[in-house]
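Chemist: Below you will find the structure I want to go over with you.
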Amino acid sequence: MREGVPGIDASICVGCGECVSVCPSGVLALSNGLARVVAARCIGCGHCQAVCPAGAVSLADADPWAGAYAVIEPTGEVIAPGAFPAGQLVDLLRSRRSCRRFTDRAVPGPVLEDLVRAAVTAPSGTNSQAWTFTVLTSRAAVLELGQAVAGFFARLNKLAANALFRRVYSLIGRPELEQYYREYYASVAAALVDWERDRTDRLFHGATAVVIIGAQPGASCPAEDALLAAGNMLLAAHCLGLGSCLIGYAVEAMRHDRRVKTAAGVPRGESVYAVVALGWPDVAYARQTGRRRPLVRYKTA
């Protein structure tokens, strides 16, 4: 639960009951024709504040930082369901692509901060909002993380190259090493050779910034929260002219080796769920492309 409860200004409350009806936690009730706080289990979702026609509801722990954009210019308009062109949204979704070719131009700090602001508009399980964002703002910092990730995979490849180790792991119910050897060993080995030879960057692809999205302990579904935030960030980056790419190899390295987290500046108690490479794209795409058809099930009863 979030600290604090909604504040109700009784002098302007009209007693419509809208805040009561949208509260997911039963914190509010009508009493003598006015809204009242009747419980302390508020999750801080803000629905009561957003729905109040009179502006009588406030949240003590609401931080204006999330709405104080530096380079993005929001209108502040509430876009009602059905009021935004779905076709335009789909064009945005289909136009965003993973970028693996960046220029050496740095991403300004205010742009990176606005991307974090856009990210935290994502839904969060029980409104935990326990995200953390570790922002690497220079190519040098990105390369330092790249070196740490390369070290992890060099050690993993050495382990995976040993057929006896792979066999033992499989026998004790851990087939991941054998699977890694079949699917990733060769490509990782080639990438490591390129990295050691001339720092050819097949991990971050020349990105000049990286955002590591993690979570503090206590969130109800931290992985989902982080990935939803990452999705918002990717779309906002595209709108600002940036390229982006999710880097799963870096996530895996930080998940299994605290030395990689340390190199990235992520505290030991946090878990990492997404790593986003960012920069100015050195490629322009001319058209939308297709996607594989997924397995879709419908149930009517």
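How things are named: the first chain in the structure tokens is A, the next is B, and so on; residues count from 1 in each chain; ligands count from 1 in the order shown.
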Could you find all residues in segment 41-172 of chain A that DSSP calls strand (DSSP E or B) from the backbone, and write them as a VMD selection string?
Modeler: chain A and resid 57 to 59 98 102 131 to 136
Chemist: Just the alpha helix (DSSP H) stuff from segment 82-280 of chain A, please, per backbone DSSP, written as a ChimeraX atom specification.
Modeler: /A:86-95,109-119,139-160,163-171,176-183,185-198,222-239,248-256,258-264
Chemist: Compile the contact shell of segment 96-110 of chain A as a list in words: residues with an atom at most 7 Å away, counting only C-alpha atoms, same-chain residues fewer than 5 positions apart removed.
Modeler: Ala70, Val71, Ser138, His205, Gly206, Ala207, Thr208, Ala209, Leu235, His238, Gly243, Ser244, Cys245, Gly279, Trp280, Pro281, Asp282 and Val283 of chain A
Chemist: Please report the interatomic distance between atom CA of Gln88 of chain A and atom CA of Ala50 of chain A in Å with one decimal.
Modeler: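 We find that atom CA of Gln88 of chain A and atom CA of Ala50 of chain A lie 25.6 Å from each other.
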Chemist: With distances taken over only C-alpha atoms, which residue among A:Ile12, A:Leu227, A:Val275, A:Val90 lies nearest Val135 of chain A?
Modeler: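 That would be A:Val275, the residue with the smallest distance to Val135 of chain A.
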